[in-house]
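S.K.: Handing over protein08.cif, mmCIF, C-alpha atoms and all ligand atoms.
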data_coords
#
loop_
_atom_site.group_PDB
_atom_site.id
_atom_site.type_symbol
_atom_site.label_atom_id
_atom_site.label_comp_id
_atom_site.auth_asym_id
_atom_site.auth_seq_id
_atom_site.Cartn_x
_atom_site.Cartn_y
_atom_site.Cartn_z
ATOM 1 C CA MET N 27 -55.549 -32.855 -30.218
ATOM 2 C CA ILE N 28 -52.315 -34.565 -29.425
ATOM 3 C CA ARG N 29 -50.381 -31.600 -30.647
ATOM 4 C CA VAL N 30 -52.497 -29.208 -28.548
ATOM 5 C CA ASN N 31 -52.150 -31.329 -25.457
ATOM 6 C CA SER N 32 -48.388 -31.604 -25.757
ATOM 7 C CA THR N 33 -48.089 -27.882 -26.438
ATOM 8 C CA ALA N 34 -50.183 -27.111 -23.383
ATOM 9 C CA ARG N 35 -48.122 -29.487 -21.292
ATOM 10 C CA ALA N 36 -44.918 -27.930 -22.522
ATOM 11 C CA ALA N 37 -46.256 -24.478 -21.749
ATOM 12 C CA ALA N 38 -47.219 -25.601 -18.275
ATOM 13 C CA ILE N 39 -43.760 -27.033 -17.676
ATOM 14 C CA VAL N 40 -42.128 -23.850 -18.892
ATOM 15 C CA THR N 41 -44.361 -21.835 -16.599
ATOM 16 C CA VAL N 42 -43.457 -23.961 -13.610
ATOM 17 C CA VAL N 43 -39.772 -23.701 -14.380
ATOM 18 C CA VAL N 44 -39.929 -19.945 -14.868
ATOM 19 C CA VAL N 45 -41.825 -19.466 -11.624
ATOM 20 C CA ALA N 46 -39.324 -21.647 -9.818
ATOM 21 C CA LEU N 47 -36.422 -19.684 -11.207
ATOM 22 C CA LEU N 48 -37.982 -16.363 -10.349
ATOM 23 C CA SER N 49 -38.673 -17.572 -6.816
ATOM 24 C CA SER N 50 -35.084 -18.704 -6.406
ATOM 25 C CA ALA N 51 -33.815 -15.423 -7.704
ATOM 26 C CA TYR N 52 -36.095 -13.553 -5.329
ATOM 27 C CA VAL N 53 -34.982 -15.606 -2.345
ATOM 28 C CA LEU N 54 -31.377 -15.199 -3.357
ATOM 29 C CA GLY N 55 -31.844 -11.492 -3.806
ATOM 30 C CA ARG N 56 -33.455 -11.156 -0.390
ATOM 31 C CA ALA N 57 -30.546 -13.027 1.114
ATOM 32 C CA LEU N 58 -27.973 -10.790 -0.473
ATOM 33 C CA VAL N 59 -29.521 -7.381 -0.177
ATOM 34 C CA PRO N 60 -29.403 -6.934 3.615
ATOM 35 C CA ASP N 61 -25.656 -7.519 3.624
ATOM 36 C CA GLU N 62 -24.799 -4.685 1.328
ATOM 37 C CA PRO N 63 -25.296 -1.751 3.661
ATOM 38 C CA ARG N 64 -23.452 -3.545 6.441
ATOM 39 C CA ARG N 65 -20.573 -4.418 4.181
ATOM 40 C CA HIS N 66 -20.194 -0.801 3.227
ATOM 41 C CA ALA N 67 -20.657 0.444 6.744
ATOM 42 C CA THR N 68 -17.799 -1.591 8.142
ATOM 43 C CA GLY N 69 -14.179 -1.901 7.315
ATOM 44 C CA ILE N 70 -11.621 0.821 7.289
ATOM 45 C CA THR N 71 -12.452 4.036 8.971
ATOM 46 C CA THR N 72 -11.708 7.149 7.069
ATOM 47 C CA SER N 73 -11.404 10.615 8.397
ATOM 48 C CA GLY N 74 -12.930 13.223 6.222
ATOM 49 C CA ASP N 75 -9.977 15.517 5.830
ATOM 50 C CA ASP N 76 -7.422 12.858 5.075
ATOM 51 C CA PRO N 77 -6.098 11.765 1.770
ATOM 52 C CA HIS N 78 -6.935 8.135 2.392
ATOM 53 C CA TYR N 79 -5.248 5.815 0.013
ATOM 54 C CA ALA N 80 -6.195 2.440 1.473
ATOM 55 C CA ASP N 81 -2.714 1.377 0.692
ATOM 56 C CA GLN N 82 -1.759 -2.177 1.244
ATOM 57 C CA LEU N 83 -4.441 -4.679 0.562
ATOM 58 C CA PRO N 84 -4.629 -7.701 2.823
ATOM 59 C CA SER N 85 -4.296 -11.051 1.141
ATOM 60 C CA ASP N 86 -5.504 -13.245 3.952
ATOM 61 C CA GLU N 87 -8.887 -11.627 4.266
ATOM 62 C CA PRO N 88 -9.740 -10.295 0.841
ATOM 63 C CA SER N 89 -13.458 -9.952 1.509
ATOM 64 C CA SER N 90 -13.184 -8.300 4.897
ATOM 65 C CA THR N 91 -12.627 -4.815 3.635
ATOM 66 C CA PRO N 92 -14.212 -2.747 0.936
ATOM 67 C CA SER N 93 -10.813 -1.694 -0.278
ATOM 68 C CA ALA N 94 -10.090 -5.209 -1.446
ATOM 69 C CA SER N 95 -12.215 -4.581 -4.476
ATOM 70 C CA ARG N 96 -10.285 -1.493 -5.476
ATOM 71 C CA SER N 97 -7.623 -3.466 -7.215
ATOM 72 C CA ALA N 98 -7.617 -6.739 -9.008
ATOM 73 C CA GLY N 99 -3.864 -6.763 -9.225
ATOM 74 C CA PRO N 100 -1.377 -9.019 -7.500
ATOM 75 C CA THR N 101 -1.901 -7.165 -4.276
ATOM 76 C CA GLU N 102 -1.331 -10.000 -1.885
ATOM 77 C CA ALA N 103 2.391 -9.990 -2.256
ATOM 78 C CA GLY N 104 4.069 -9.538 1.061
ATOM 79 C CA GLN N 105 0.965 -8.557 2.954
ATOM 80 C CA ASP N 106 1.690 -11.029 5.687
ATOM 81 C CA GLY N 107 5.400 -10.478 5.583
ATOM 82 C CA SER N 108 5.970 -13.582 3.520
ATOM 83 C CA GLY N 109 6.229 -11.889 0.178
ATOM 84 C CA ARG N 110 9.555 -13.398 -0.627
ATOM 85 C CA ASP N 111 8.345 -16.950 -0.393
ATOM 86 C CA ALA N 112 4.664 -16.899 -1.123
ATOM 87 C CA SER N 113 4.388 -14.321 -3.846
ATOM 88 C CA GLY N 114 7.814 -13.839 -5.254
ATOM 89 C CA ASP N 115 6.535 -14.428 -8.739
ATOM 90 C CA LYS N 116 4.186 -11.466 -8.415
ATOM 91 C CA LEU N 117 6.840 -8.991 -7.408
ATOM 92 C CA PHE N 118 8.441 -8.857 -10.843
ATOM 93 C CA GLY N 119 11.823 -8.575 -9.233
ATOM 94 C CA ALA N 120 10.990 -5.792 -6.772
ATOM 95 C CA HIS N 121 13.375 -5.770 -3.832
ATOM 96 C CA THR N 122 12.054 -7.182 -0.583
ATOM 97 C CA GLY N 123 15.205 -6.763 1.451
ATOM 98 C CA THR N 124 18.178 -4.488 1.879
ATOM 99 C CA GLY N 125 20.567 -7.021 0.404
ATOM 100 C CA ASN N 126 22.761 -6.853 3.474
ATOM 101 C CA ALA N 127 22.460 -7.349 7.214
ATOM 102 C CA ARG N 128 21.028 -3.924 7.861
ATOM 103 C CA LEU N 129 17.391 -3.130 8.541
ATOM 104 C CA ALA N 130 15.444 -0.520 6.595
ATOM 105 C CA LEU N 131 12.380 1.275 7.895
ATOM 106 C CA THR N 132 10.189 2.736 5.156
ATOM 107 C CA PHE N 133 7.381 5.257 5.632
ATOM 108 C CA ASP N 134 4.748 5.490 2.922
ATOM 109 C CA ASP N 135 2.080 7.840 1.603
ATOM 110 C CA GLY N 136 3.315 11.131 3.047
ATOM 111 C CA PRO N 137 4.442 13.596 3.731
ATOM 112 C CA ASP N 138 1.727 14.569 6.204
ATOM 113 C CA PRO N 139 1.984 17.660 8.414
ATOM 114 C CA ARG N 140 0.546 15.839 11.438
ATOM 115 C CA TYR N 141 2.617 12.676 11.441
ATOM 116 C CA THR N 142 5.750 13.151 9.360
ATOM 117 C CA PRO N 143 7.266 15.661 11.821
ATOM 118 C CA GLN N 144 6.600 13.254 14.693
ATOM 119 C CA VAL N 145 8.239 10.416 12.807
ATOM 120 C CA LEU N 146 11.222 12.617 11.994
ATOM 121 C CA ALA N 147 11.596 13.698 15.613
ATOM 122 C CA THR N 148 11.473 10.109 16.833
ATOM 123 C CA LEU N 149 13.998 8.901 14.274
ATOM 124 C CA ARG N 150 16.240 11.813 15.216
ATOM 125 C CA GLU N 151 16.038 10.905 18.877
ATOM 126 C CA TYR N 152 17.509 7.485 18.153
ATOM 127 C CA ASP N 153 19.777 8.659 15.350
ATOM 128 C CA VAL N 154 18.072 6.351 12.900
ATOM 129 C CA LYS N 155 17.922 6.985 9.170
ATOM 130 C CA ALA N 156 15.006 5.718 7.108
ATOM 131 C CA THR N 157 13.383 5.943 3.699
ATOM 132 C CA PHE N 158 10.221 7.856 2.860
ATOM 133 C CA CYS N 159 8.082 6.699 -0.058
ATOM 134 C CA VAL N 160 6.244 9.899 -0.825
ATOM 135 C CA VAL N 161 3.132 10.554 -2.875
ATOM 136 C CA GLY N 162 3.605 13.218 -5.538
ATOM 137 C CA GLU N 163 0.610 15.347 -4.687
ATOM 138 C CA ASN N 164 1.617 15.372 -1.026
ATOM 139 C CA ALA N 165 5.159 16.337 -1.937
ATOM 140 C CA GLN N 166 3.755 19.199 -3.967
ATOM 141 C CA ASP N 167 1.573 20.314 -1.043
ATOM 142 C CA HIS N 168 4.326 20.014 1.584
ATOM 143 C CA PRO N 169 7.712 20.792 0.054
ATOM 144 C CA ASP N 170 8.928 21.906 3.493
ATOM 145 C CA LEU N 171 8.423 18.374 4.794
ATOM 146 C CA ILE N 172 10.298 16.897 1.838
ATOM 147 C CA GLN N 173 13.140 19.246 2.692
ATOM 148 C CA ALA N 174 12.950 18.268 6.369
ATOM 149 C CA ILE N 175 13.151 14.575 5.470
ATOM 150 C CA VAL N 176 16.251 15.133 3.362
ATOM 151 C CA ALA N 177 17.824 17.522 5.869
ATOM 152 C CA ASP N 178 17.685 14.772 8.486
ATOM 153 C CA GLY N 179 19.617 12.401 6.228
ATOM 154 C CA HIS N 180 16.770 10.163 5.126
ATOM 155 C CA THR N 181 16.296 9.004 1.549
ATOM 156 C CA LEU N 182 13.329 9.305 -0.767
ATOM 157 C CA CYS N 183 11.297 6.874 -2.796
ATOM 158 C CA ASN N 184 8.702 7.648 -5.466
ATOM 159 C CA HIS N 185 5.271 6.295 -4.477
ATOM 160 C CA SER N 186 3.322 7.592 -7.523
ATOM 161 C CA TRP N 187 1.437 10.824 -7.948
ATOM 162 C CA HIS N 188 -1.943 9.941 -6.448
ATOM 163 C CA HIS N 189 -1.323 6.535 -4.943
ATOM 164 C CA ASP N 190 -2.837 4.780 -7.916
ATOM 165 C CA VAL N 191 -3.053 1.116 -6.960
ATOM 166 C CA SER N 192 -3.990 0.295 -10.557
ATOM 167 C CA LEU N 193 -1.157 2.260 -12.091
ATOM 168 C CA GLY N 194 0.544 -0.927 -13.199
ATOM 169 C CA ASN N 195 -2.396 -1.730 -15.449
ATOM 170 C CA ARG N 196 -2.177 1.544 -17.353
ATOM 171 C CA SER N 197 -0.171 2.205 -20.479
ATOM 172 C CA ALA N 198 3.570 2.618 -20.275
ATOM 173 C CA ASP N 199 3.162 6.261 -21.274
ATOM 174 C CA GLN N 200 0.673 6.886 -18.474
ATOM 175 C CA ILE N 201 2.890 5.143 -15.960
ATOM 176 C CA ARG N 202 5.900 7.133 -17.109
ATOM 177 C CA ALA N 203 4.001 10.428 -16.896
ATOM 178 C CA ASP N 204 2.808 9.618 -13.360
ATOM 179 C CA LEU N 205 6.264 8.723 -12.102
ATOM 180 C CA LEU N 206 7.903 11.711 -13.774
ATOM 181 C CA ARG N 207 5.284 14.084 -12.366
ATOM 182 C CA THR N 208 5.993 12.699 -8.917
ATOM 183 C CA ASN N 209 9.734 13.073 -9.300
ATOM 184 C CA ALA N 210 9.235 16.628 -10.532
ATOM 185 C CA ALA N 211 7.217 17.489 -7.407
ATOM 186 C CA ILE N 212 9.942 16.039 -5.203
ATOM 187 C CA ARG N 213 12.679 17.835 -7.098
ATOM 188 C CA ALA N 214 10.793 21.114 -6.840
ATOM 189 C CA ALA N 215 11.495 20.840 -3.112
ATOM 190 C CA VAL N 216 14.923 19.204 -3.205
ATOM 191 C CA PRO N 217 16.403 19.731 -6.683
ATOM 192 C CA GLU N 218 19.654 17.854 -6.212
ATOM 193 C CA VAL N 219 18.452 14.803 -4.374
ATOM 194 C CA PRO N 220 18.530 11.526 -6.278
ATOM 195 C CA ILE N 221 15.342 9.479 -6.442
ATOM 196 C CA VAL N 222 16.381 5.922 -7.158
ATOM 197 C CA TRP N 223 13.587 3.901 -5.563
ATOM 198 C CA TYR N 224 10.010 3.343 -6.652
ATOM 199 C CA ARG N 225 7.331 1.596 -4.605
ATOM 200 C CA GLN N 226 4.110 0.639 -6.346
ATOM 201 C CA PRO N 227 1.010 1.531 -4.290
ATOM 202 C CA GLY N 228 -0.621 -1.562 -2.848
ATOM 203 C CA GLY N 229 2.399 -3.588 -3.858
ATOM 204 C CA ALA N 230 0.415 -4.177 -7.045
ATOM 205 C CA TRP N 231 3.412 -4.750 -9.256
ATOM 206 C CA THR N 232 3.139 -5.445 -12.936
ATOM 207 C CA TYR N 233 5.779 -5.964 -15.561
ATOM 208 C CA PRO N 234 5.086 -2.552 -17.188
ATOM 209 C CA VAL N 235 5.355 -0.581 -13.944
ATOM 210 C CA VAL N 236 8.591 -2.317 -13.012
ATOM 211 C CA SER N 237 9.979 -1.728 -16.501
ATOM 212 C CA VAL N 238 9.097 1.962 -16.589
ATOM 213 C CA ALA N 239 10.482 2.562 -13.106
ATOM 214 C CA GLN N 240 13.743 0.936 -14.127
ATOM 215 C CA GLN N 241 13.884 2.914 -17.364
ATOM 216 C CA LEU N 242 13.616 6.057 -15.244
ATOM 217 C CA GLY N 243 16.507 4.934 -13.076
ATOM 218 C CA MET N 244 14.466 3.729 -10.131
ATOM 219 C CA THR N 245 14.715 0.340 -8.472
ATOM 220 C CA PRO N 246 11.386 -1.294 -7.568
ATOM 221 C CA LEU N 247 11.092 -1.558 -3.792
ATOM 222 C CA HIS N 248 8.727 -3.913 -2.020
ATOM 223 C CA TRP N 249 9.038 -4.988 1.619
ATOM 224 C CA SER N 250 9.401 -8.055 3.810
ATOM 225 C CA VAL N 251 7.756 -7.018 7.091
ATOM 226 C CA ASP N 252 4.244 -5.572 7.059
ATOM 227 C CA PRO N 253 2.471 -4.885 10.371
ATOM 228 C CA SER N 254 -0.568 -3.590 8.441
ATOM 229 C CA ASP N 255 -0.313 -0.308 10.308
ATOM 230 C CA TRP N 256 -2.496 1.321 7.647
ATOM 231 C CA GLN N 257 -5.382 -0.546 9.232
ATOM 232 C CA ALA N 258 -4.644 1.234 12.527
ATOM 233 C CA PRO N 259 -4.500 -1.921 14.665
ATOM 234 C CA GLY N 260 -2.981 0.020 17.565
ATOM 235 C CA ALA N 261 0.565 0.818 18.576
ATOM 236 C CA GLY N 262 0.968 -2.372 20.604
ATOM 237 C CA LYS N 263 0.131 -4.660 17.740
ATOM 238 C CA ILE N 264 2.225 -2.736 15.248
ATOM 239 C CA ALA N 265 5.201 -2.778 17.595
ATOM 240 C CA ALA N 266 4.834 -6.475 18.401
ATOM 241 C CA THR N 267 4.595 -7.492 14.749
ATOM 242 C CA VAL N 268 7.665 -5.539 13.764
ATOM 243 C CA ALA N 269 9.693 -6.642 16.793
ATOM 244 C CA THR N 270 8.998 -10.320 16.202
ATOM 245 C CA GLN N 271 9.260 -10.423 12.404
ATOM 246 C CA VAL N 272 12.324 -8.344 11.661
ATOM 247 C CA GLU N 273 15.550 -10.074 10.771
ATOM 248 C CA PRO N 274 18.774 -8.908 9.195
ATOM 249 C CA GLY N 275 18.016 -7.447 5.778
ATOM 250 C CA SER N 276 14.339 -6.741 6.426
ATOM 251 C CA VAL N 277 12.530 -3.858 4.793
ATOM 252 C CA VAL N 278 9.727 -2.764 7.123
ATOM 253 C CA LEU N 279 6.582 -1.188 5.701
ATOM 254 C CA LEU N 280 5.111 1.623 7.797
ATOM 255 C CA HIS N 281 2.959 4.670 7.024
ATOM 256 C CA ASP N 282 3.272 8.286 8.076
ATOM 257 C CA ALA N 283 0.177 9.407 6.169
ATOM 258 C CA GLY N 284 -3.049 8.250 4.590
ATOM 259 C CA GLY N 285 -5.186 8.151 7.720
ATOM 260 C CA ASP N 286 -4.817 8.228 11.488
ATOM 261 C CA ARG N 287 -1.172 7.277 11.926
ATOM 262 C CA GLN N 288 -0.741 8.047 15.605
ATOM 263 C CA GLY N 289 -0.531 4.310 16.261
ATOM 264 C CA THR N 290 2.438 4.067 13.941
ATOM 265 C CA VAL N 291 4.138 7.039 15.587
ATOM 266 C CA ASP N 292 3.593 5.552 19.037
ATOM 267 C CA ALA N 293 4.753 2.127 17.874
ATOM 268 C CA LEU N 294 7.906 3.672 16.505
ATOM 269 C CA ARG N 295 8.683 5.163 19.903
ATOM 270 C CA ARG N 296 8.315 1.700 21.428
ATOM 271 C CA ILE N 297 10.352 -0.290 18.934
ATOM 272 C CA LEU N 298 13.273 1.986 18.161
ATOM 273 C CA PRO N 299 15.092 1.457 21.463
ATOM 274 C CA ASP N 300 15.018 -2.289 20.797
ATOM 275 C CA LEU N 301 15.627 -2.245 17.040
ATOM 276 C CA SER N 302 18.480 0.194 17.241
ATOM 277 C CA THR N 303 20.337 -2.105 19.610
ATOM 278 C CA ARG N 304 19.582 -5.339 17.729
ATOM 279 C CA PHE N 305 20.203 -4.030 14.228
ATOM 280 C CA GLU N 306 22.011 -1.472 12.216
ATOM 281 C CA LEU N 307 19.290 0.598 10.612
ATOM 282 C CA GLU N 308 19.865 2.262 7.287
ATOM 283 C CA ALA N 309 18.253 4.651 4.898
ATOM 284 C CA LEU N 310 18.124 2.810 1.609
ATOM 285 C CA PRO N 311 21.093 4.004 -0.393
ATOM 286 C CA THR N 312 20.689 6.357 -3.302
ATOM 287 C CA ASP N 313 23.317 4.442 -5.211
ATOM 288 C CA PRO N 314 21.850 0.909 -5.015
ATOM 289 C CA THR N 315 23.937 -0.365 -7.881
HETATM 290 ZN ZN ZN Q 1 1.140 3.521 -0.076
#
Can the structure in the file be given as structure tokens, please?
Ligand SMILES: [Zn+2]
M.R.:
Amino acid sequence: MIRVNSTARAAAIVTVVVVALLSSAYVLGRALVPDEPRRHATGITTSGDDPHYADQLPSDEPSSTPSASRSAGPTEAGQDGSGRDASGDKLFGAHTGTGNARLALTFDDGPDPRYTPQVLATLREYDVKATFCVVGENAQDHPDLIQAIVADGHTLCNHSWHHDVSLGNRSADQIRADLLRTNAAIRAAVPEVPIVWYRQPGGAWTYPVVSVAQQLGMTPLHWSVDPSDWQAPGAGKIAATVATQVEPGSVVLLHDAGGDRQGTVDALRRILPDLSTRFELEALPTDPT
């Protein structure tokens, strides 16, 4: 009898506990489920015909955008323009500055037939040279734009074949193949032009990606000023961020592709008159050593 009673009591306790757990799980599930569609419905806007790379991932608001989950790498480096101080250990030695008093503007993710020509025309108007970190597949699709970039005196930087933010987590052989494929696409357009810079998509540097880039004769290039123009905050905000954060030696991260970049183009028109009087702007040299 005693044994039966205690067994029954134990069974009753187990039942109560199980019911309680199931109820909690149900309540929790109900609380979570309604958020999902909203979370996916907000965030970055994408236009259907764009190659949208969701490039630089914001560190200060990692849960505010769906793209934050696309990479688990050290993507926060430099997102707020403080890469040198806050995240230097995650850059694996990638350059964040020009190493001299000059200012370098860098344009990522292109070339793009809508925005790259506008950027080139604006730079030409102010006689400013810059550096274009191009994506291999876009270079392959638009060799004429690669040639136009070089013809205007700008320099090139490898930005991977398909803007793979997780490239640094792949094998050294895979990384090497990606970077070489990208260089081959660039060289198909401009055979003689040196490619001595590599910028990891998302700033998601790893030791292997830095090592492979260096083995291939490319210097890892990060940045020090990031107006988050890839989020299309508007020309005014982009211009204000750049104008207030630049200092001698800054490398400024901008985008001429990967989404609606009209804000970046318009911001460039606003800031170049000021920047070109305050600083000497340079295309990053192709002989960095
Ligand atoms: Zn990019």
S.K.: If we count only C-alpha atoms and set the cut-off at 6 Å, which residues sit around region 153-158 of chain N, ignoring sequence neighbours fewer than 2 positions away in its own chain? Please answer as a list in words.
M.R.: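 After dropping sequence-adjacent residues, the list is Leu131, Thr132, Phe133, Asp134, Leu149, Arg150, Glu151, Val160, His180, Thr181, Leu182, Cys183, Glu308 and Ala309 of chain N.
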S.K.: Hey, which residues come within 10 Å of ligand ZN 1 (chain Q) if we count all atoms listed in the file? Could you give them as a ChimeraX atom specification?
M.R.: /N:78-83,133-136,159-161,185-186,188-191,225-229,256,279-284
S.K.: Nearest to Thr124 (chain N): which of N:Ala293, N:Ala165, N:Val278, N:Ala210 is it, counting only C-alpha atoms?
M.R.: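 Nearest candidate to Thr124 (chain N) out of N:Ala293, N:Ala165, N:Val278, N:Ala210: N:Val278.
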S.K.: Can you tell me, as JSON, the centre and edge lengths (Å, one decimal) of the axis-aligned box enclosing all of region 293-296 of chain N's listed atoms after padding each side by 5 Å?
M.R.:
{"center_x": 6.7, "center_y": 3.4, "center_z": 19.0, "size_x": 13.9, "size_y": 13.5, "size_z": 14.9}
S.K.: Could you tell me which residues the PyMOL selection byres (((chain N and resi 274) around 6) and not hetatm) grabs in this file, written as a PyMOL selection string?
M.R.: chain N and resi 127-129+273+275-276
S.K.: Could you turn the residues from that selection into a file that holds C-alpha atoms, as a compact mmCIF listing (two decimals), in the frame of the given file?
M.R.:
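Wrote it out as result33.txt, contents follow:
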# COMPACT_ATOMS: atom_id res chain seq x y z
CA ALA N 127 22.46 -7.35 7.21
CA ARG N 128 21.03 -3.92 7.86
CA LEU N 129 17.39 -3.13 8.54
CA GLU N 273 15.55 -10.07 10.77
CA GLY N 275 18.02 -7.45 5.78
CA SER N 276 14.34 -6.74 6.43
S.K.: With distances taken over only C-alpha atoms, which residue among N:Arg202, N:Arg295, N:Arg287, N:His248 lies nearest Thr142 (chain N)?
M.R.: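 The answer is N:Arg287, which sits nearest to Thr142 (chain N).
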S.K.: Please report the interatomic distance between CA of Ile264 (chain N) and CA of Leu310 (chain N) in Å with one decimal.
M.R.: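 That distance, rounded to one decimal, is 21.7 Å.
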S.K.: Counting all atoms listed in the file, which residue out of N:Lys116, N:Leu205, N:Thr122, N:Gly285 sits closest to Ser250 (chain N)?
M.R.: N:Thr122
S.K.: Could you tell me how far CA of Ala261 (chain N) lies from CA of Gly289 (chain N), in Å and to one decimal?
M.R.: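 Interatomic distance, CA of Ala261 (chain N) to CA of Gly289 (chain N): 4.3 Å.
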S.K.: Kindly give the distance, in Å, that separates CA of Pro217 (chain N) and CA of Gln241 (chain N), rounded to a single decimal.
M.R.: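 Interatomic distance here is 20.1 Å.
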S.K.: Looking at all atoms listed in the file, which of N:Ile221, N:Ala198, N:Ala203, N:Val272 is the one that sits closest to Gly243 (chain N)?
M.R.: N:Ile221
S.K.: Write out as JSON, numbers by chain which residues come within 12 Å of Tyr233 (chain N) when counting all atoms listed in the file, dropping same-chain ones fewer than 5 positions away.
M.R.: {"N": [99, 100, 115, 116, 117, 118, 119, 120, 193, 194, 195, 196, 197, 198, 201, 226, 238, 239, 240, 246]}
S.K.: Which residue is closest to Gln144 (chain N)? Choose from N:Leu171, N:Val235, N:Ala211, N:Met244 and count only C-alpha atoms.
M.R.: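 When distances to Gln144 (chain N) are compared using only C-alpha atoms, the smallest one comes from N:Leu171.
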S.K.: Looking at all atoms listed in the file, which of N:Glu163, N:Asp300, N:Asp178, N:Asp170 is the one that sits closest to Asn209 (chain N)?
M.R.: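 The answer is N:Glu163, which sits nearest to Asn209 (chain N).
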S.K.: Report as a list in words the full result of the PyMOL selection byres (((chain N and resi 268) around 8) and not hetatm) when it is applied to this structure.
M.R.: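 With the PyMOL selection byres (((chain N and resi 268) around 8) and not hetatm) on this model, the match is Val251, Asp252, Pro253, Ile264, Ala265, Ala266, Thr267, Ala269, Thr270, Gln271, Val272, Val278 and Ile297 of chain N.
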